Structures are given as structure tokens and as C-alpha cells.
$ cat run32.pdb   # PDB, C-alpha atoms
ATOM      1  CA  ASP A   9     151.836  17.886  74.855
ATOM      2  CA  LEU A  10     149.087  18.403  72.342
ATOM      3  CA  GLU A  11     149.339  16.449  69.115
ATOM      4  CA  ILE A  12     148.477  18.628  66.138
ATOM      5  CA  ARG A  13     147.242  16.760  63.093
ATOM      6  CA  ASP A  14     144.738  17.026  60.297
ATOM      7  CA  SER A  15     141.275  15.819  61.184
ATOM      8  CA  SER A  16     138.373  14.581  59.135
ATOM      9  CA  LYS A  17     135.050  16.308  58.556
ATOM     10  CA  GLU A  18     133.444  13.646  60.750
ATOM     11  CA  GLU A  19     135.847  14.388  63.618
ATOM     12  CA  LEU A  20     135.132  18.111  63.320
ATOM     13  CA  PHE A  21     131.389  17.432  63.362
ATOM     14  CA  GLU A  22     131.823  15.245  66.459
ATOM     15  CA  LEU A  23     133.855  18.009  68.131
ATOM     16  CA  CYS A  24     131.156  20.577  67.338
ATOM     17  CA  MET A  25     128.486  18.315  68.807
ATOM     18  CA  LYS A  26     130.540  17.747  71.962
ATOM     19  CA  LEU A  27     131.225  21.472  72.307
ATOM     20  CA  THR A  28     127.516  22.180  71.815
ATOM     21  CA  GLU A  29     126.675  19.817  74.666
ATOM     22  CA  ARG A  30     129.276  21.383  76.963
ATOM     23  CA  THR A  31     128.288  24.925  76.003
ATOM     24  CA  ASN A  32     124.626  24.158  76.690
ATOM     25  CA  GLU A  33     125.591  22.728  80.094
ATOM     26  CA  ALA A  34     127.833  25.713  80.891
ATOM     27  CA  ARG A  35     124.947  28.087  80.037
ATOM     28  CA  GLU A  36     122.670  26.195  82.453
ATOM     29  CA  ILE A  37     125.281  26.363  85.222
ATOM     30  CA  LEU A  38     125.750  30.079  84.553
ATOM     31  CA  ALA A  39     121.978  30.633  84.694
ATOM     32  CA  ASP A  40     121.815  28.807  88.051
ATOM     33  CA  SER A  41     124.733  30.886  89.339
ATOM     34  CA  VAL A  42     123.050  34.125  88.281
ATOM     35  CA  LYS A  43     119.778  33.064  89.943
ATOM     36  CA  LYS A  44     121.589  32.272  93.207
ATOM     37  CA  GLY A  45     123.725  35.432  93.140
ATOM     38  CA  GLY A  46     121.053  37.766  91.855
ATOM     39  CA  ILE A  47     123.538  39.631  89.653
ATOM     40  CA  GLY A  48     123.075  39.921  85.906
ATOM     41  CA  SER A  49     120.529  38.190  83.719
ATOM     42  CA  CYS A  50     120.664  34.774  82.104
ATOM     43  CA  GLU A  51     117.171  34.126  80.800
ATOM     44  CA  GLU A  52     116.556  31.130  78.555
ATOM     45  CA  ASN A  53     115.595  33.052  75.394
ATOM     46  CA  ALA A  54     117.618  36.240  75.897
ATOM     47  CA  PRO A  55     121.303  37.127  75.649
ATOM     48  CA  TYR A  56     123.374  36.789  78.793
ATOM     49  CA  ILE A  57     123.880  40.071  80.641
ATOM     50  CA  SER A  58     126.729  39.943  83.125
ATOM     51  CA  GLY A  59     126.662  41.447  86.582
ATOM     52  CA  MET A  60     130.466  41.756  86.553
ATOM     53  CA  THR A  61     132.263  45.030  85.975
ATOM     54  CA  HIS A  62     135.172  45.069  83.538
ATOM     55  CA  ARG A  63     137.605  45.172  86.456
ATOM     56  CA  GLU A  64     135.974  42.199  88.200
ATOM     57  CA  ARG A  65     136.033  40.177  84.974
ATOM     58  CA  ALA A  66     139.656  41.159  84.246
ATOM     59  CA  GLU A  67     140.658  40.105  87.777
ATOM     60  CA  ALA A  68     138.820  36.785  87.347
ATOM     61  CA  CYS A  69     140.783  36.233  84.123
ATOM     62  CA  LEU A  70     144.069  36.984  85.904
ATOM     63  CA  GLN A  71     143.093  34.446  88.559
ATOM     64  CA  ALA A  72     142.317  31.920  85.811
ATOM     65  CA  TYR A  73     145.843  32.352  84.431
ATOM     66  CA  ARG A  74     147.389  32.047  87.881
ATOM     67  CA  LYS A  75     145.550  28.733  88.217
ATOM     68  CA  LEU A  76     146.589  27.580  84.731
ATOM     69  CA  GLY A  77     150.162  28.706  85.460
ATOM     70  CA  GLU A  78     150.297  26.226  88.346
ATOM     71  CA  LYS A  79     149.666  23.466  85.826
ATOM     72  CA  TYR A  80     151.815  24.820  82.977
ATOM     73  CA  GLU A  81     154.946  26.677  84.072
ATOM     74  CA  VAL A  82     155.246  28.517  80.761
ATOM     75  CA  LEU A  83     151.991  30.315  81.626
ATOM     76  CA  SER A  84     153.059  31.344  85.134
ATOM     77  CA  GLY A  85     154.345  34.778  86.001
ATOM     78  CA  TYR A  86     153.170  38.352  85.926
ATOM     79  CA  TYR A  87     150.157  39.446  83.880
ATOM     80  CA  SER A  88     149.037  43.047  83.643
ATOM     81  CA  MET A  89     145.368  43.937  83.963
ATOM     82  CA  ALA A  90     143.536  43.904  80.612
ATOM     83  CA  LYS A  91     142.483  47.422  79.711
ATOM     84  CA  PRO A  92     139.135  48.421  78.218
ATOM     85  CA  VAL A  93     139.429  50.336  74.943
ATOM     86  CA  LEU A  94     137.694  53.705  74.856
ATOM     87  CA  LEU A  95     136.983  53.370  71.133
ATOM     88  CA  SER A  96     135.375  49.957  71.487
ATOM     89  CA  ARG A  97     132.463  50.852  69.199
ATOM     90  CA  LEU A  98     134.972  51.644  66.429
ATOM     91  CA  MET A  99     136.744  48.335  67.056
ATOM     92  CA  SER A 100     133.375  46.592  66.654
ATOM     93  CA  GLU A 101     132.953  48.212  63.248
ATOM     94  CA  PHE A 102     136.131  46.411  62.174
ATOM     95  CA  ASN A 103     135.190  43.165  63.975
ATOM     96  CA  ILE A 104     138.122  43.455  66.399
ATOM     97  CA  THR A 105     137.506  42.093  69.885
ATOM     98  CA  GLY A 106     140.930  42.756  71.377
ATOM     99  CA  ILE A 107     144.433  43.837  70.593
ATOM    100  CA  TYR A 108     147.816  43.260  72.189
ATOM    101  CA  PHE A 109     150.350  46.110  72.177
ATOM    102  CA  PRO A 110     153.840  44.566  72.465
ATOM    103  CA  GLY A 111     155.529  47.951  72.984
ATOM    104  CA  THR A 112     153.626  48.574  76.194
ATOM    105  CA  VAL A 113     152.988  44.875  76.952
ATOM    106  CA  GLU A 114     149.260  45.517  77.313
ATOM    107  CA  ALA A 115     146.178  43.474  76.572
ATOM    108  CA  ASN A 116     143.423  45.804  75.352
ATOM    109  CA  VAL A 117     139.847  44.600  74.946
ATOM    110  CA  ASN A 118     136.737  45.794  73.180
ATOM    111  CA  THR A 119     133.999  46.281  75.784
ATOM    112  CA  ASP A 120     131.322  46.595  73.089
ATOM    113  CA  VAL A 121     131.158  42.834  72.428
ATOM    114  CA  PRO A 122     128.440  40.631  73.966
ATOM    115  CA  ASP A 123     129.040  39.834  77.638
ATOM    116  CA  CYS A 124     129.425  36.110  76.906
ATOM    117  CA  GLU A 125     132.509  36.866  74.749
ATOM    118  CA  LYS A 126     134.348  39.269  77.044
ATOM    119  CA  ALA A 127     136.184  36.825  79.335
ATOM    120  CA  ALA A 128     137.426  34.677  76.454
ATOM    121  CA  THR A 129     138.649  37.823  74.699
ATOM    122  CA  ILE A 130     140.526  38.957  77.811
ATOM    123  CA  CYS A 131     142.091  35.520  78.286
ATOM    124  CA  HIS A 132     143.046  35.385  74.594
ATOM    125  CA  GLU A 133     144.814  38.750  74.836
ATOM    126  CA  LEU A 134     146.524  37.787  78.113
ATOM    127  CA  THR A 135     147.979  34.757  76.325
ATOM    128  CA  HIS A 136     149.933  37.128  74.085
ATOM    129  CA  LEU A 137     151.627  38.513  77.223
ATOM    130  CA  ARG A 138     153.306  35.109  77.634
ATOM    131  CA  GLY A 139     154.714  35.282  74.111
ATOM    132  CA  PHE A 140     152.135  33.152  72.301
ATOM    133  CA  MET A 141     151.546  35.369  69.287
ATOM    134  CA  ARG A 142     149.733  33.009  66.926
ATOM    135  CA  GLU A 143     145.984  33.549  67.068
ATOM    136  CA  ASP A 144     145.135  29.838  67.146
ATOM    137  CA  GLU A 145     147.469  29.315  70.125
ATOM    138  CA  ALA A 146     146.008  32.325  71.926
ATOM    139  CA  ASN A 147     142.486  31.038  71.266
ATOM    140  CA  TYR A 148     143.316  27.597  72.628
ATOM    141  CA  LEU A 149     145.108  28.840  75.740
ATOM    142  CA  GLY A 150     142.412  31.459  76.364
ATOM    143  CA  TYR A 151     139.842  28.670  76.126
ATOM    144  CA  LYS A 152     141.847  26.512  78.569
ATOM    145  CA  ALA A 153     142.154  29.370  81.061
ATOM    146  CA  CYS A 154     138.410  30.006  80.908
ATOM    147  CA  VAL A 155     137.113  26.444  81.117
ATOM    148  CA  GLU A 156     139.521  25.424  83.882
ATOM    149  CA  SER A 157     138.867  28.561  85.946
ATOM    150  CA  GLY A 158     135.850  27.273  87.869
ATOM    151  CA  ASN A 159     134.139  30.653  87.328
ATOM    152  CA  PRO A 160     130.757  30.040  85.596
ATOM    153  CA  GLU A 161     130.984  33.163  83.406
ATOM    154  CA  LEU A 162     134.519  32.358  82.276
ATOM    155  CA  VAL A 163     133.694  28.703  81.665
ATOM    156  CA  TYR A 164     130.742  29.651  79.475
ATOM    157  CA  SER A 165     132.764  32.278  77.624
ATOM    158  CA  GLY A 166     135.517  29.763  76.872
ATOM    159  CA  TYR A 167     133.083  27.180  75.579
ATOM    160  CA  ILE A 168     131.148  29.625  73.434
ATOM    161  CA  MET A 169     134.399  30.873  71.875
ATOM    162  CA  ALA A 170     135.522  27.321  71.072
ATOM    163  CA  LEU A 171     132.081  26.406  69.741
ATOM    164  CA  THR A 172     131.990  29.468  67.485
ATOM    165  CA  HIS A 173     135.439  28.782  65.998
ATOM    166  CA  ALA A 174     134.778  25.071  65.479
ATOM    167  CA  CYS A 175     131.358  25.627  63.932
ATOM    168  CA  ASN A 176     132.658  28.360  61.626
ATOM    169  CA  ARG A 177     135.232  25.888  60.341
ATOM    170  CA  LEU A 178     132.568  23.201  59.937
ATOM    171  CA  TYR A 179     130.420  25.630  57.941
ATOM    172  CA  ASP A 180     133.342  26.197  55.547
ATOM    173  CA  ILE A 181     133.621  22.437  54.994
ATOM    174  CA  ASP A 182     130.001  21.261  55.133
ATOM    175  CA  PRO A 183     127.140  23.742  55.699
ATOM    176  CA  ILE A 184     124.591  20.916  56.046
ATOM    177  CA  LEU A 185     126.461  19.437  59.036
ATOM    178  CA  TYR A 186     126.867  22.944  60.451
ATOM    179  CA  PHE A 187     123.094  23.475  60.486
ATOM    180  CA  GLU A 188     122.654  20.040  62.054
ATOM    181  CA  VAL A 189     124.867  21.185  64.935
ATOM    182  CA  LEU A 190     122.906  24.436  65.297
ATOM    183  CA  GLU A 191     119.707  22.454  65.834
ATOM    184  CA  ASN A 192     121.220  21.229  69.123
ATOM    185  CA  TYR A 193     121.942  24.671  70.580
ATOM    186  CA  SER A 194     119.892  25.446  73.679
ATOM    187  CA  PRO A 195     117.648  28.539  73.488
ATOM    188  CA  GLY A 196     120.134  30.435  75.677
ATOM    189  CA  VAL A 197     123.122  29.585  73.505
ATOM    190  CA  ASN A 198     121.082  30.543  70.441
ATOM    191  CA  ALA A 199     120.339  33.912  72.046
ATOM    192  CA  ASP A 200     124.047  34.487  72.703
ATOM    193  CA  GLU A 201     125.227  33.391  69.272
TER     194      GLU A 201
END
$ encode --input "run32.pdb" --output "C-alpha cells"
Amino acid sequence: DLEIRDSSKEELFELCMKLTERTNEAREILADSVKKGGIGSCEENAPYISGMTHRERAEACLQAYRKLGEKYEVLSGYYSMAKPVLLSRLMSEFNITGIYFPGTVEANVNTDVPDCEKAATICHELTHLRGFMREDEANYLGYKACVESGNPELVYSGYIMALTHACNRLYDIDPILYFEVLENYSPGVNADE
């Protein structure tokens, strides 16, 4: 069980620094994986460009939930394939990365977002299929599915999502500490943010 409690500004700063370190490491592992596989592009000073199709990424996310479901029974069971939204550009205009339709029990994702965000978005929306409707719960479980998947793209996507949310909160509390964290981003993470 996860204890939920208030945390201090210092604890949030420490979390952001730890997430920065892990995100930087995940970006390096992803870059090595891309170099070995020859698919996509993960240059140091440029945004990550995935070699995965939407279907391949969606299947990897389903596999991540199957794996997480072995650890947490409440997350086991059937998941439908996340669907790409045809009007993704319009969704981007409204800053919407995904949407869950309870009537059809479908996870729908914006394919117009940066490649480094797509897997975390899919995993977030798949979380809603298990009945976790709160956005913070879906973010956390989507993050867990990604970082425990063993897939370099998913791991990186999960870490970058967590880093973004944590740093946005830190900025609200203390912009000076926020910019201190940003100084520790690797060039690749900077390019993706």
C-alpha cells in the first residue's frame, strides 16, 4: 500500500532531482537501444523520434499492464487496444493527450503528441479501463506500468511523465528550485521537454 501524505518543498525538490537522474539514465538507455536496433532516432540534442508504430506501442503498453497485473491483481484482466484519435491535431489545440470513453470502454490517444509522451499517455488511459478514474491515480499507475515494463521507450516515457508532473508542481511552489532542477536535465531530456 502507498501512504499518501503531505510533503515538504524540500521533499518535492529531492523527488524532482531523483526523477531527473532516472530520466537522464532512461534517455541514455533508450539511445543505446535505438543505436543497437537501428529504428528511430535518439540524438543527444534532438527530440526522440520513435521507430514504433502506434499498434506496436499500444501492444507494448498492453504487455506492460499484463506484467503489472501479475504483481497487482486489481490491474489484471482484459484491456482493449488503445485507439488513435483521427482528430489528434484538434486535441492538441486543447492540450488533451488522451480520453477514456466509459460507454464504449475505450482508451483513445492523441497521436500528435511528442513520441516520448505517447506510451505514458496510453498507459494512463488504460488505467481508466480498470476503474481508476482519478487523474492522479491514472498518472501513477501509468507511470508504474511504463517504468516496470522493461521496454526502453516505455520506461523513458513513464519517467518523463513523472518528471514533468513533479517539476510543474515544484514550479508552483518555488520557481527558483524548479530552475535548479532544470539545470540537471541532460541535453536529450531538454530536447524532449
$ resolve_selection --input "run32.pdb" --expression "the PyMOL selection byres ((chain A and resi 28) around 9)" --output "list in words"
Leu23, Cys24, Met25, Lys26, Leu27, Glu29, Arg30, Thr31, Asn32, Glu33, Tyr167, Ile168, Leu171, Val189, Leu190, Asn192, Tyr193, Ser194 and Val197 of chain A
$ resolve_selection --input "run32.pdb" --expression "the PyMOL selection byres ((chain A and resi 63) around 12)" --output "PyMOL selection string"
chain A and resi 59-62+64-70+88-92+117+119+126-127+130
$ atom_distance --input "run32.pdb" --atom1 "atom CA of A:Leu94" --atom2 "atom CA of A:Val42"
27.9 Å
$ residues_near_point --input "run32.pdb" --point "(151.4, 38.3, 72.3)" --cutoff "10 Å" --atoms "only C-alpha atoms" --output "list in words"
Ile107, Tyr108, Phe109, Pro110, Val113, Glu114, Ala115, His132, Glu133, Leu134, Thr135, His136, Leu137, Arg138, Gly139, Phe140, Met141, Arg142, Glu143 and Ala146 of chain A
$ residues_around --input "run32.pdb" --residues "A:Ser16" --least-positions-apart "5" --cutoff "12 Å" --atoms "only C-alpha atoms" --output "number ranges by chain"
A: 21-23, 177-178, 181-182
$ residues_around --input "run32.pdb" --residues "A:Pro55" --least-positions-apart "3" --cutoff "9 Å" --atoms "only C-alpha atoms" --output "PDB file with C-alpha atoms, in the coordinates of the input"
ATOM      1  CA  SER A  49     120.529  38.190  83.719  1.00  0.00           C
ATOM      2  CA  CYS A  50     120.664  34.774  82.104  1.00  0.00           C
ATOM      3  CA  GLU A  51     117.171  34.126  80.800  1.00  0.00           C
ATOM      4  CA  GLU A  52     116.556  31.130  78.555  1.00  0.00           C
ATOM      5  CA  PRO A 122     128.440  40.631  73.966  1.00  0.00           C
ATOM      6  CA  ASP A 123     129.040  39.834  77.638  1.00  0.00           C
ATOM      7  CA  CYS A 124     129.425  36.110  76.906  1.00  0.00           C
ATOM      8  CA  GLY A 196     120.134  30.435  75.677  1.00  0.00           C
ATOM      9  CA  VAL A 197     123.122  29.585  73.505  1.00  0.00           C
ATOM     10  CA  ASN A 198     121.082  30.543  70.441  1.00  0.00           C
ATOM     11  CA  ALA A 199     120.339  33.912  72.046  1.00  0.00           C
ATOM     12  CA  ASP A 200     124.047  34.487  72.703  1.00  0.00           C
ATOM     13  CA  GLU A 201     125.227  33.391  69.272  1.00  0.00           C
TER      14      GLU A 201
END
$ closest_residue --input "run32.pdb" --among "A:Ile47, A:Ala54, A:Met169, A:Leu83" --to "A:Thr105" --atoms "only C-alpha atoms"
A:Met169
$ atom_distance --input "run32.pdb" --atom1 "atom CA of A:His173" --atom2 "atom CA of A:Leu76"
21.8 Å
$ atom_distance --input "run32.pdb" --atom1 "atom CA of A:Val163" --atom2 "atom CA of A:Glu188"
24.1 Å
$ closest_residue --input "run32.pdb" --among "A:Val93, A:Leu98, A:Ile184, A:Cys175" --to "A:Leu20" --atoms "only C-alpha atoms"
A:Cys175
$ closest_residue --input "run32.pdb" --among "A:Asn159, A:Lys152, A:Glu19, A:Met99" --to "A:Leu185" --atoms "all atoms listed in the file"
A:Glu19
$ residues_around --input "run32.pdb" --residues "A:Phe102" --least-positions-apart "4" --cutoff "12 Å" --atoms "all atoms listed in the file" --output "ChimeraX atom specification"
/A:95-98,106,118,120-121
$ residues_around --input "run32.pdb" --residues "A:Gly85" --least-positions-apart "5" --cutoff "9 Å" --atoms "all atoms listed in the file" --output "list in words"
Tyr73, Arg74, Gly77 and Arg138 of chain A
